[in-house]
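Have a look at the structure below, then the notes.
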Amino acid sequence: DVGFKQDVPEQQNAFLEDPVMASILERYLPREMLDEISPDLINISEWANNEGAALLDRMEQDQPRLRQYDSWCRRVDELLVTEAWNKQKAVAAREGVVAIAYERKYGQHSRIYQMAKLMLWSHGAGLYQCPIAMTDGCARVIELLGTQEMKDKVYSRLTSRDPSRFFTSGQWMTERPGGSDVGRTETQAVWNEDLKSWSVSGFKWFSSATDADVTMLLARTHDPTAPGTMRDGSKGLSLYLARVRDDQGKLNGVRIHRLKDKVGTKALPTAELELDGMIAQQVGRTHRGVKNISAILNITRIYCGMNCTSSMQRFVLMVKEYARRREVFGALLKDQPLHLATLANMELQYRATAQFTFFCVAMLGRIEALGETSPEVQNDASLLRLFTPILKVWSAKNAFAMSQEAMEAFGGQGYMEETGIGRAMRDVLVNTIWEGTSNVLSLDVLRVMAETKGQAMQLYSDTVRNILQPLQGSQWDQSIKSLERSLVLIATRFTAYATKSGLAVLEASARGL
Ligand code: MFK
Ligand code: FAD
């Protein structure tokens with residue numbers, strides 16, 4: 001036991017150690033409210049560093065498995081998840097990570113509180129954020145479009161703080177012919193008069209959180225008056241809500257074909273599912289499935305932004321902590337100018353992303369608290385519609401790039417699984433793909449621009465300056481540059497397309513033709 005031993009970096013309380021989050025919360029929240037919620041934010045960070053960290057390790061070591069047959073060759077499709085995964089569900093309920101947003105105890109500020117807590121909770125919840133994001137989105141759709149029965153039987157459980165009642169939801173859109181292009185959906189829904197329900201059959205190619213209690217799914221609707229008659233494309237799709245399992249745990253017309261062998265997100269049970277007579281209820285108007293599910297997409301895309309911000313927060317805290325302890329060429333890393341410049345750049349990226357994320361969250365909170373049709377939130381509604389895909393694309397690209405920088409900042413140790421950066425890198429990477437790829441979301445931005453005849457873009461650049469108003473001096477300049485790069489990124493993605501095809505095609509594409 002001889003020779004040099006590196007001083008081990010400590011896991012810090014992300015709320016207490018991060019001045020960025022504190023300043024954002026001070027800016028958005030009334031003082032009294034911040035004082036009231038601060039102990040909760042400190043506690044959840046402590047939990048993440050202790051029990052959460054232990055649960056994460058177990059979730060990674062003991063990954064989900066599928067037991068398809070019992071020993072008598074009967075098909076059982078039993079999804080086996082670790083106790084740690086189930087514990088995360090109980091903690092999510094107890095901590096109210098969904099409930100806070102819907103109880104609206106703090107009115108429009110409730111979303112900010114919820115997202116700040118989620119960001120800190122994420123450090124110990126890992127991939128359990130995924131079912132929570134979809135659960136939140138499902139609650140929002142039911143709040144907006146659900147029947148009273150859905151509100152009583154499902155919404156009340158999605159937003160419950162009682163672990164024994166809490167439900168999570170899936171979001172089943174992607175099929176083998178199309179994930180971006182859901183208009184190619186093969187799954188069909190036929191009205192069953194006896195059951196007074198829809199019977200859904202087809203194949204869902206990606207189902208994350210296959211242990212969910214309920215799911216929202218898209219299917220092509222048979223005309224009940226003329227079975228066999230359906231509309232093509234996305235205009236033939238409706239949105240459905242279904243229990244995944246009944247109270248005894250029996251699957252509702254679902255066969256689990258296979259668990260996905262993924263690059264990352266290993267703790268998350270993502271499966272391929274065959275649906276055969278799944279009993280479901282329609283949500284919202286027939287043939288408005290894509291529009292109706294977009295309320296989920298717009299929530300989960302903000303979650304992606306929050307998740308990326310949270311990863312960046314952890315990377316920044318980790319590299320700064322290591323720089324205070326690691327000595328090279330006669331000085332601590334923190335005193336080596338070039339390393340300091342690297343850390344400063346990471347910090348700026350994080351600050352800009354955090355400001356952008358919470359700006360979107362604040363708008364979401366206002367829209368939800370005041371009501372979508374309230375004249376006071378009309379500007380917020382159009383800005384948020386534009387900002388959400390930009391936030392999603394930009395934060396995902398930035399967070400993955402930062403994971404590489406964070407890995408390098410630990411030198412060879414960064415490449416070791418023990419630091420956790422490799423796992424974080426693999427996990428954060430998925431944000432570029434799920435809930436819409438960069439190109440698809442770039443086209444979504446284009447659609448909004450065309451629909452608003454470019455006014456949305458002007459609103460965007462004006463607003464970017466306001467978002468960063470509290471930053472001073474060089475931080476301000478560099479953060480502005482950093483945010484402007486988000487536009488460049490989006491712009492370069494469709495410039496080639498635009499120059500080639502001309503404005504007429506852009507407009508046609510924006511109208512969905
Ligand atoms: C930590 C975070 C964890 C997050 C959990 C992740 C778990 C993983 C879950 C998944 O990945 S679920 C699958 C996610 N899939 C996608 O995100 C699909 C990506 N593709 C798109 O977003 C396409 O743009 C889209 C499917 C919407 C295109 O569909 P279509 O068939 O071309 O429909 P169209 O005609 O473009 O849009 C239909 C209507 O919806 C239009 O309204 P109108 O009919 O009134 O004109 C659109 O304006 C509207 N719409 C589309 N996107 C919208 C929207 N409205 C509001 N917000 C949006 N985002
Ligand atoms: P494609 O749509 O085939 O995309 C291939 C490429 O084409 C991409 O680069 C894309 O950007 C590009 N592209 C597509 N359309 C255009 C266009 N018009 N112009 C230019 N480029 C374009 N889905 C669910 O429904 N539920 C889930 O729970 C779920 N969980 C997932 C979990 C994980 C870990 C992963 C990786 C995916 C999950 N997905 C889920 C699926 C995910 O949403 C889709 O993979 C994603 O939307 C992309 O669809 P696709 O795979 O069909 O790719």
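Letters for chains follow the order of the structure tokens (A, B, ...), residue numbers begin at 1 for each chain, and ligand numbers begin at 1 in the order shown.
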
Enumerate, in order of chain and increasing residue number, the residues of chain A with an atom no farther than 8 Å from ligand 1, each with its shortest atom pair and distance in Å to one decimal, counting only C-alpha atoms and all ligand atoms, as a Markdown table.
```
| residue | atom | partner | partner_atom_place_in_ligand_line | distance |
| --- | --- | --- | --- | --- |
| A:Leu127 | CA | ligand 1 | 1 (C) | 7.3 |
| A:Gln129 | CA | ligand 1 | 1 (C) | 5.1 |
| A:Cys130 | CA | ligand 1 | 3 (C) | 3.9 |
| A:Pro131 | CA | ligand 1 | 5 (C) | 6.4 |
| A:Ile132 | CA | ligand 1 | 3 (C) | 7.6 |
| A:Ala133 | CA | ligand 1 | 4 (C) | 5.2 |
| A:Met134 | CA | ligand 1 | 5 (C) | 5.8 |
| A:Gly170 | CA | ligand 1 | 9 (C) | 7.9 |
| A:Gln171 | CA | ligand 1 | 12 (S) | 5.5 |
| A:Trp172 | CA | ligand 1 | 12 (S) | 6.1 |
| A:Met173 | CA | ligand 1 | 13 (C) | 5.2 |
| A:Thr174 | CA | ligand 1 | 13 (C) | 5.6 |
| A:Gly179 | CA | ligand 1 | 18 (C) | 5.7 |
| A:Ser180 | CA | ligand 1 | 20 (N) | 3.7 |
| A:Asp181 | CA | ligand 1 | 26 (C) | 5.5 |
| A:Val182 | CA | ligand 1 | 26 (C) | 5.1 |
| A:Gly183 | CA | ligand 1 | 31 (O) | 4.4 |
| A:Phe206 | CA | ligand 1 | 10 (C) | 7.7 |
| A:Ser207 | CA | ligand 1 | 9 (C) | 7.4 |
| A:Ser208 | CA | ligand 1 | 7 (C) | 5.8 |
| A:Ala209 | CA | ligand 1 | 7 (C) | 7.9 |
| A:Gly233 | CA | ligand 1 | 31 (O) | 6.6 |
| A:Ser234 | CA | ligand 1 | 31 (O) | 4.2 |
| A:Lys235 | CA | ligand 1 | 31 (O) | 7.0 |
| A:Arg288 | CA | ligand 1 | 44 (O) | 7.1 |
| A:Val290 | CA | ligand 1 | 40 (O) | 5.1 |
| A:Lys291 | CA | ligand 1 | 40 (O) | 3.7 |
| A:Asn292 | CA | ligand 1 | 40 (O) | 7.4 |
| A:Ser294 | CA | ligand 1 | 58 (C) | 4.7 |
| A:Ala295 | CA | ligand 1 | 57 (N) | 6.5 |
| A:Leu297 | CA | ligand 1 | 59 (N) | 6.0 |
| A:Asn298 | CA | ligand 1 | 59 (N) | 5.5 |
| A:Thr300 | CA | ligand 1 | 4 (C) | 5.0 |
| A:Arg301 | CA | ligand 1 | 4 (C) | 6.7 |
| A:Ile302 | CA | ligand 1 | 2 (C) | 7.8 |
| A:Tyr303 | CA | ligand 1 | 2 (C) | 4.7 |
| A:Cys304 | CA | ligand 1 | 2 (C) | 4.1 |
| A:Gly305 | CA | ligand 1 | 2 (C) | 7.7 |
| A:Met306 | CA | ligand 1 | 1 (C) | 7.1 |
| A:Asn307 | CA | ligand 1 | 1 (C) | 4.9 |
| A:Cys308 | CA | ligand 1 | 1 (C) | 7.9 |
| A:Arg385 | CA | ligand 1 | 57 (N) | 6.3 |
| A:Thr388 | CA | ligand 1 | 59 (N) | 7.9 |
| A:Pro389 | CA | ligand 1 | 59 (N) | 7.5 |
| A:Asn431 | CA | ligand 1 | 2 (C) | 7.1 |
| A:Ile433 | CA | ligand 1 | 11 (O) | 7.3 |
| A:Trp434 | CA | ligand 1 | 11 (O) | 3.7 |
| A:Glu435 | CA | ligand 1 | 17 (O) | 3.5 |
| A:Gly436 | CA | ligand 1 | 17 (O) | 3.7 |
| A:Thr437 | CA | ligand 1 | 19 (C) | 6.9 |
| A:Val440 | CA | ligand 1 | 24 (O) | 5.9 |
| A:Leu441 | CA | ligand 1 | 22 (O) | 6.6 |
| A:Leu443 | CA | ligand 1 | 24 (O) | 7.4 |
| A:Asp444 | CA | ligand 1 | 24 (O) | 5.9 |
| A:Arg447 | CA | ligand 1 | 48 (O) | 7.8 |
| A:Ala510 | CA | ligand 1 | 36 (O) | 7.5 |
| A:Arg511 | CA | ligand 1 | 46 (O) | 6.8 |
| A:Gly512 | CA | ligand 1 | 35 (O) | 4.5 |
| A:Leu513 | CA | ligand 1 | 35 (O) | 7.5 |
```

message: Using Å and a single decimal, report how far CA of Gln12 (chain A) sits from CA of Val91 (chain A).
response: 20.7 Å

- request: Can you check which residues of region 320-388 of chain A DSSP gives as strand (DSSP E) on the backbone and send them as a PyMOL selection string?
  value: chain A and resi 327-328+331-332

Closest contacts (region 178-294 of chain A/region 411-430 of chain A, max 7 Å, only C-alpha atoms) as a Markdown table:
```
| residue | atom | partner | partner_atom | distance |
| --- | --- | --- | --- | --- |
| A:Val263 | CA | A:Arg426 | CA | 6.5 |
| A:Gly264 | CA | A:Arg426 | CA | 4.7 |
| A:Thr265 | CA | A:Asp427 | CA | 5.1 |
```

Can you write out as JSON lines which residues of region 102-149 of chain A fall within 7 Å of region 153-157 of chain A, alongside each residue's closest atom pair and its distance in Å to one decimal, counting only C-alpha atoms and ordering rows by chain and ascending residue number?
```
{"residue": "A:Ala139", "atom": "CA", "partner": "A:Tyr155", "partner_atom": "CA", "distance": 5.5}
{"residue": "A:Ile142", "atom": "CA", "partner": "A:Tyr155", "partner_atom": "CA", "distance": 6.5}
{"residue": "A:Glu149", "atom": "CA", "partner": "A:Lys153", "partner_atom": "CA", "distance": 5.9}
```

- request: List every residue of region 96-305 of chain A that DSSP, applied to the backbone, labels as alpha helix (DSSP H), and write the result as a PyMOL selection string.
  value: chain A and resi 99-103+110-125+129-145+148-150+156-158+289-305

Next, dump the selected residues to file, keeping only C-alpha atoms, as a short mmCIF file (atom, residue, chain, number, x, y, z; two decimals), in the first residue's frame.
```
data_model
loop_
_atom_site.label_atom_id
_atom_site.label_comp_id
_atom_site.auth_asym_id
_atom_site.auth_seq_id
_atom_site.Cartn_x
_atom_site.Cartn_y
_atom_site.Cartn_z
CA ALA A 99 -48.04 15.73 -8.14
CA ILE A 100 -46.36 19.08 -7.47
CA ALA A 101 -47.13 20.25 -11.01
CA TYR A 102 -50.83 19.32 -10.82
CA GLU A 103 -51.66 20.26 -7.22
CA SER A 110 -45.50 25.08 -9.34
CA ARG A 111 -43.85 23.90 -12.57
CA ILE A 112 -40.61 25.66 -11.66
CA TYR A 113 -40.59 23.99 -8.26
CA GLN A 114 -41.36 20.63 -9.82
CA MET A 115 -38.66 20.88 -12.51
CA ALA A 116 -36.05 22.11 -10.03
CA LYS A 117 -36.87 19.15 -7.82
CA LEU A 118 -36.83 16.77 -10.79
CA MET A 119 -33.43 18.08 -11.83
CA LEU A 120 -32.01 17.31 -8.39
CA TRP A 121 -33.94 14.07 -8.00
CA SER A 122 -32.57 12.92 -11.39
CA HIS A 123 -29.08 12.58 -9.93
CA GLY A 124 -30.38 9.64 -7.92
CA ALA A 125 -33.31 8.55 -10.08
CA GLN A 129 -37.13 10.01 -15.13
CA CYS A 130 -38.35 8.37 -18.32
CA PRO A 131 -41.58 6.86 -16.93
CA ILE A 132 -42.10 10.01 -14.87
CA ALA A 133 -41.89 12.20 -17.99
CA MET A 134 -44.49 10.07 -19.78
CA THR A 135 -46.66 9.94 -16.65
CA ASP A 136 -46.62 13.72 -16.46
CA GLY A 137 -47.51 14.00 -20.16
CA CYS A 138 -50.34 11.49 -19.77
CA ALA A 139 -51.73 13.43 -16.80
CA ARG A 140 -51.71 16.61 -18.89
CA VAL A 141 -53.59 14.98 -21.76
CA ILE A 142 -56.24 13.61 -19.41
CA GLU A 143 -56.50 16.99 -17.70
CA LEU A 144 -57.10 18.63 -21.09
CA LEU A 145 -59.10 15.97 -22.94
CA GLN A 148 -64.55 12.36 -15.87
CA GLU A 149 -64.05 8.61 -15.50
CA MET A 150 -60.45 8.90 -16.78
CA SER A 156 -55.97 10.85 -9.78
CA ARG A 157 -53.43 8.01 -9.59
CA LEU A 158 -50.89 9.51 -12.00
CA GLY A 289 -54.51 11.43 -32.50
CA VAL A 290 -51.30 13.21 -33.44
CA LYS A 291 -52.58 16.60 -32.32
CA ASN A 292 -53.93 15.11 -29.11
CA ILE A 293 -50.71 13.28 -28.22
CA SER A 294 -48.67 16.41 -28.94
CA ALA A 295 -49.52 17.62 -25.41
CA ILE A 296 -47.42 14.67 -24.16
CA LEU A 297 -44.65 15.37 -26.66
CA ASN A 298 -44.43 18.98 -25.58
CA ILE A 299 -44.09 18.00 -21.91
CA THR A 300 -41.62 15.14 -22.45
CA ARG A 301 -39.48 17.32 -24.74
CA ILE A 302 -39.17 19.85 -21.91
CA TYR A 303 -38.22 16.92 -19.65
CA CYS A 304 -35.45 16.10 -22.14
CA GLY A 305 -34.22 19.70 -21.74
#
```

- prompt: How many Å separate CA of Trp85 (chain A) from CA of Ala280 (chain A)?
  reply: 26.7 Å

- prompt: Hey, can you check how far CA of Asn379 (chain A) sits from CA of Leu364 (chain A)?
  reply: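 CA of Asn379 (chain A) sits 11.6 Å away from CA of Leu364 (chain A).
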
Residue contacts of Leu34 (chain A) (12 Å, only C-alpha atoms) excluding same-chain residues fewer than 3 positions away, as a ChimeraX atom specification: /A:21-31,37-42,106,109-110,112-113,116

Selection: 10 Å around Asp232 (chain A), only C-alpha atoms, excl. self and same-chain fewer than 4 positions, as a PyMOL selection string: chain A and resi 183-186+220-221+236-237

Could you write out the selected residues, including N, CA and C atoms, as a PDB file, in the first residue's frame?
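part_18.pdb, freshly written:
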```pdb
ATOM      1  N   GLY A 183     -47.470   8.614 -39.226  1.00  0.00           N
ATOM      2  CA  GLY A 183     -48.574   8.425 -40.177  1.00  0.00           C
ATOM      3  C   GLY A 183     -48.542   7.034 -40.816  1.00  0.00           C
ATOM      4  N   ARG A 184     -47.430   6.305 -40.649  1.00  0.00           N
ATOM      5  CA  ARG A 184     -47.342   4.950 -41.217  1.00  0.00           C
ATOM      6  C   ARG A 184     -47.774   3.874 -40.207  1.00  0.00           C
ATOM      7  N   THR A 185     -48.354   4.316 -39.115  1.00  0.00           N
ATOM      8  CA  THR A 185     -48.802   3.387 -38.066  1.00  0.00           C
ATOM      9  C   THR A 185     -49.681   2.268 -38.621  1.00  0.00           C
ATOM     10  N   GLU A 186     -49.378   1.030 -38.206  1.00  0.00           N
ATOM     11  CA  GLU A 186     -50.157  -0.135 -38.652  1.00  0.00           C
ATOM     12  C   GLU A 186     -51.219  -0.561 -37.635  1.00  0.00           C
ATOM     13  N   ARG A 220     -54.911   3.349 -35.685  1.00  0.00           N
ATOM     14  CA  ARG A 220     -55.750   3.740 -36.834  1.00  0.00           C
ATOM     15  C   ARG A 220     -57.185   3.285 -36.560  1.00  0.00           C
ATOM     16  N   THR A 221     -58.099   4.228 -36.626  1.00  0.00           N
ATOM     17  CA  THR A 221     -59.459   3.965 -36.166  1.00  0.00           C
ATOM     18  C   THR A 221     -60.355   3.431 -37.281  1.00  0.00           C
ATOM     19  N   GLY A 236     -55.640   9.507 -39.999  1.00  0.00           N
ATOM     20  CA  GLY A 236     -56.512   8.375 -39.666  1.00  0.00           C
ATOM     21  C   GLY A 236     -56.268   7.862 -38.254  1.00  0.00           C
ATOM     22  N   LEU A 237     -55.389   8.544 -37.524  1.00  0.00           N
ATOM     23  CA  LEU A 237     -55.009   8.044 -36.194  1.00  0.00           C
ATOM     24  C   LEU A 237     -55.785   8.736 -35.072  1.00  0.00           C
TER      25      LEU A 237
END
```

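Closest to Arg58 (chain A) among A:Glu83, A:Asp35, A:Glu46, A:Asp1 is A:Glu83, based on only C-alpha atoms.
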
field: region 248-262 of chain A environment, 12 Å, only C-alpha atoms, sequence neighbours closer than 5 positions dropped, as a PyMOL selection string
entry: chain A and resi 63-69+75-81+198-215+241-243+267-280+426-427+429-430

Write the residues of the preceding selection, restricted to N, CA and C atoms, as a compact mmCIF listing (two decimals), in the first residue's frame.
```
# COMPACT_ATOMS: atom_id res chain seq x y z
N GLN A 63 -30.02 -5.53 -14.49
CA GLN A 63 -30.86 -4.92 -15.53
C GLN A 63 -32.14 -5.72 -15.77
N PRO A 64 -33.15 -5.07 -16.33
CA PRO A 64 -34.43 -5.75 -16.54
C PRO A 64 -34.27 -7.00 -17.40
N ARG A 65 -35.09 -7.99 -17.08
CA ARG A 65 -35.06 -9.23 -17.85
C ARG A 65 -36.48 -9.62 -18.22
N LEU A 66 -36.58 -10.44 -19.24
CA LEU A 66 -37.90 -10.91 -19.66
C LEU A 66 -37.96 -12.43 -19.49
N ARG A 67 -38.95 -12.88 -18.73
CA ARG A 67 -39.17 -14.33 -18.61
C ARG A 67 -40.40 -14.61 -19.48
N GLN A 68 -40.15 -15.21 -20.66
CA GLN A 68 -41.25 -15.31 -21.62
C GLN A 68 -42.15 -16.53 -21.36
N TYR A 69 -41.52 -17.64 -20.93
CA TYR A 69 -42.29 -18.88 -20.71
C TYR A 69 -42.05 -19.39 -19.30
N ARG A 75 -46.81 -19.36 -22.11
CA ARG A 75 -46.32 -18.00 -22.33
C ARG A 75 -46.75 -17.12 -21.15
N VAL A 76 -45.78 -16.52 -20.48
CA VAL A 76 -46.13 -15.68 -19.32
C VAL A 76 -45.72 -14.21 -19.50
N ASP A 77 -44.69 -13.98 -20.33
CA ASP A 77 -44.20 -12.62 -20.57
C ASP A 77 -44.05 -11.81 -19.29
N GLU A 78 -43.28 -12.36 -18.39
CA GLU A 78 -43.10 -11.67 -17.11
C GLU A 78 -41.88 -10.76 -17.20
N LEU A 79 -42.13 -9.50 -16.94
CA LEU A 79 -41.03 -8.52 -16.97
C LEU A 79 -40.42 -8.45 -15.57
N LEU A 80 -39.13 -8.75 -15.49
CA LEU A 80 -38.48 -8.77 -14.17
C LEU A 80 -37.62 -7.52 -14.02
N VAL A 81 -38.01 -6.67 -13.10
CA VAL A 81 -37.20 -5.48 -12.82
C VAL A 81 -36.68 -5.57 -11.40
N TRP A 198 -62.72 0.13 -27.15
CA TRP A 198 -61.97 -0.14 -28.38
C TRP A 198 -61.05 -1.32 -28.16
N SER A 199 -60.88 -2.10 -29.23
CA SER A 199 -59.98 -3.24 -29.17
C SER A 199 -58.82 -2.93 -30.12
N VAL A 200 -57.61 -2.88 -29.56
CA VAL A 200 -56.45 -2.39 -30.32
C VAL A 200 -55.49 -3.54 -30.61
N SER A 201 -55.08 -3.65 -31.88
CA SER A 201 -54.14 -4.71 -32.27
C SER A 201 -53.07 -4.14 -33.19
N GLY A 202 -51.84 -4.64 -33.01
CA GLY A 202 -50.74 -4.16 -33.86
C GLY A 202 -49.41 -4.46 -33.20
N PHE A 203 -48.38 -3.71 -33.58
CA PHE A 203 -47.04 -3.98 -33.04
C PHE A 203 -46.36 -2.65 -32.70
N LYS A 204 -46.01 -2.49 -31.44
CA LYS A 204 -45.32 -1.28 -31.01
C LYS A 204 -43.84 -1.61 -30.84
N TRP A 205 -43.02 -0.88 -31.55
CA TRP A 205 -41.61 -1.23 -31.75
C TRP A 205 -40.71 -0.79 -30.60
N PHE A 206 -41.11 0.26 -29.93
CA PHE A 206 -40.35 0.75 -28.76
C PHE A 206 -41.34 1.07 -27.65
N SER A 207 -41.22 0.39 -26.54
CA SER A 207 -42.02 0.78 -25.39
C SER A 207 -41.09 0.89 -24.20
N SER A 208 -40.77 2.12 -23.83
CA SER A 208 -39.94 2.31 -22.65
C SER A 208 -40.83 2.12 -21.44
N ALA A 209 -40.24 1.80 -20.33
CA ALA A 209 -41.00 1.64 -19.10
C ALA A 209 -42.17 0.68 -19.31
N THR A 210 -41.82 -0.50 -19.76
CA THR A 210 -42.84 -1.51 -20.05
C THR A 210 -43.56 -1.97 -18.78
N ASP A 211 -43.04 -1.58 -17.63
CA ASP A 211 -43.73 -1.92 -16.38
C ASP A 211 -44.84 -0.92 -16.05
N ALA A 212 -45.08 0.04 -16.95
CA ALA A 212 -46.07 1.09 -16.65
C ALA A 212 -47.45 0.49 -16.38
N ASP A 213 -48.25 1.22 -15.62
CA ASP A 213 -49.60 0.74 -15.28
C ASP A 213 -50.59 1.02 -16.41
N VAL A 214 -50.45 2.19 -17.04
CA VAL A 214 -51.33 2.55 -18.16
C VAL A 214 -50.46 3.03 -19.31
N THR A 215 -51.08 3.21 -20.46
CA THR A 215 -50.34 3.80 -21.57
C THR A 215 -51.25 4.64 -22.45
N LEU A 241 -56.25 5.43 -24.50
CA LEU A 241 -55.70 5.21 -23.16
C LEU A 241 -56.05 3.78 -22.75
N ALA A 242 -55.05 3.03 -22.27
CA ALA A 242 -55.33 1.64 -21.88
C ALA A 242 -54.57 1.28 -20.61
N ARG A 243 -55.16 0.38 -19.83
CA ARG A 243 -54.40 -0.25 -18.74
C ARG A 243 -53.41 -1.21 -19.40
N ALA A 267 -30.93 0.52 -17.59
CA ALA A 267 -31.82 0.20 -16.46
C ALA A 267 -33.29 0.26 -16.86
N LEU A 268 -33.54 0.84 -18.02
CA LEU A 268 -34.92 1.08 -18.47
C LEU A 268 -35.43 -0.11 -19.27
N PRO A 269 -36.59 -0.67 -18.87
CA PRO A 269 -37.09 -1.83 -19.61
C PRO A 269 -37.81 -1.41 -20.90
N THR A 270 -37.06 -1.31 -21.99
CA THR A 270 -37.64 -0.92 -23.28
C THR A 270 -37.90 -2.19 -24.10
N ALA A 271 -39.14 -2.35 -24.55
CA ALA A 271 -39.51 -3.63 -25.17
C ALA A 271 -40.21 -3.44 -26.51
N GLU A 272 -40.29 -4.56 -27.24
CA GLU A 272 -41.12 -4.64 -28.45
C GLU A 272 -42.40 -5.35 -28.05
N LEU A 273 -43.52 -4.78 -28.42
CA LEU A 273 -44.80 -5.31 -27.93
C LEU A 273 -45.74 -5.65 -29.07
N GLU A 274 -46.36 -6.82 -28.96
CA GLU A 274 -47.44 -7.15 -29.88
C GLU A 274 -48.76 -6.92 -29.15
N LEU A 275 -49.65 -6.19 -29.76
CA LEU A 275 -50.95 -5.94 -29.16
C LEU A 275 -51.98 -6.79 -29.88
N ASP A 276 -52.77 -7.49 -29.09
CA ASP A 276 -53.78 -8.36 -29.69
C ASP A 276 -55.06 -8.21 -28.87
N GLY A 277 -55.90 -7.29 -29.30
CA GLY A 277 -57.16 -7.06 -28.59
C GLY A 277 -56.97 -6.34 -27.27
N MET A 278 -56.10 -5.37 -27.26
CA MET A 278 -55.92 -4.57 -26.04
C MET A 278 -57.16 -3.69 -25.86
N ILE A 279 -57.75 -3.76 -24.70
CA ILE A 279 -58.97 -2.97 -24.44
C ILE A 279 -58.56 -1.54 -24.08
N ALA A 280 -59.16 -0.59 -24.80
CA ALA A 280 -58.72 0.80 -24.63
C ALA A 280 -59.89 1.77 -24.76
N ARG A 426 -23.61 7.60 -22.15
CA ARG A 426 -24.49 6.72 -22.93
C ARG A 426 -25.95 7.09 -22.72
N ASP A 427 -26.26 7.44 -21.46
CA ASP A 427 -27.66 7.73 -21.15
C ASP A 427 -28.11 9.06 -21.75
N LEU A 429 -27.06 10.54 -24.31
CA LEU A 429 -27.07 10.49 -25.78
C LEU A 429 -28.46 10.21 -26.36
N VAL A 430 -29.26 9.47 -25.62
CA VAL A 430 -30.56 9.08 -26.16
C VAL A 430 -31.47 10.29 -26.38
```

query: Could you pull the residues within 12 Å of Lys87 (chain A), counting only C-alpha atoms, minus those fewer than 3 positions along the same chain, as a list in words?
result: Glu51, Gly52, Ala54, Leu55, Leu56, Arg58, Met59, Val81, Thr82, Glu83, Ala84, Ala90, Val91, Ala92, Ala93, Arg94, Gly124, Ala125, Tyr128, Pro163 and Ser164 of chain A

Top pick for closest residue to ligand 2, considering A:Ser442, A:Tyr240, A:Gln336, A:Met402 and counting only C-alpha atoms and all ligand atoms: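 Distance minimum relative to ligand 2 lands on A:Ser442.
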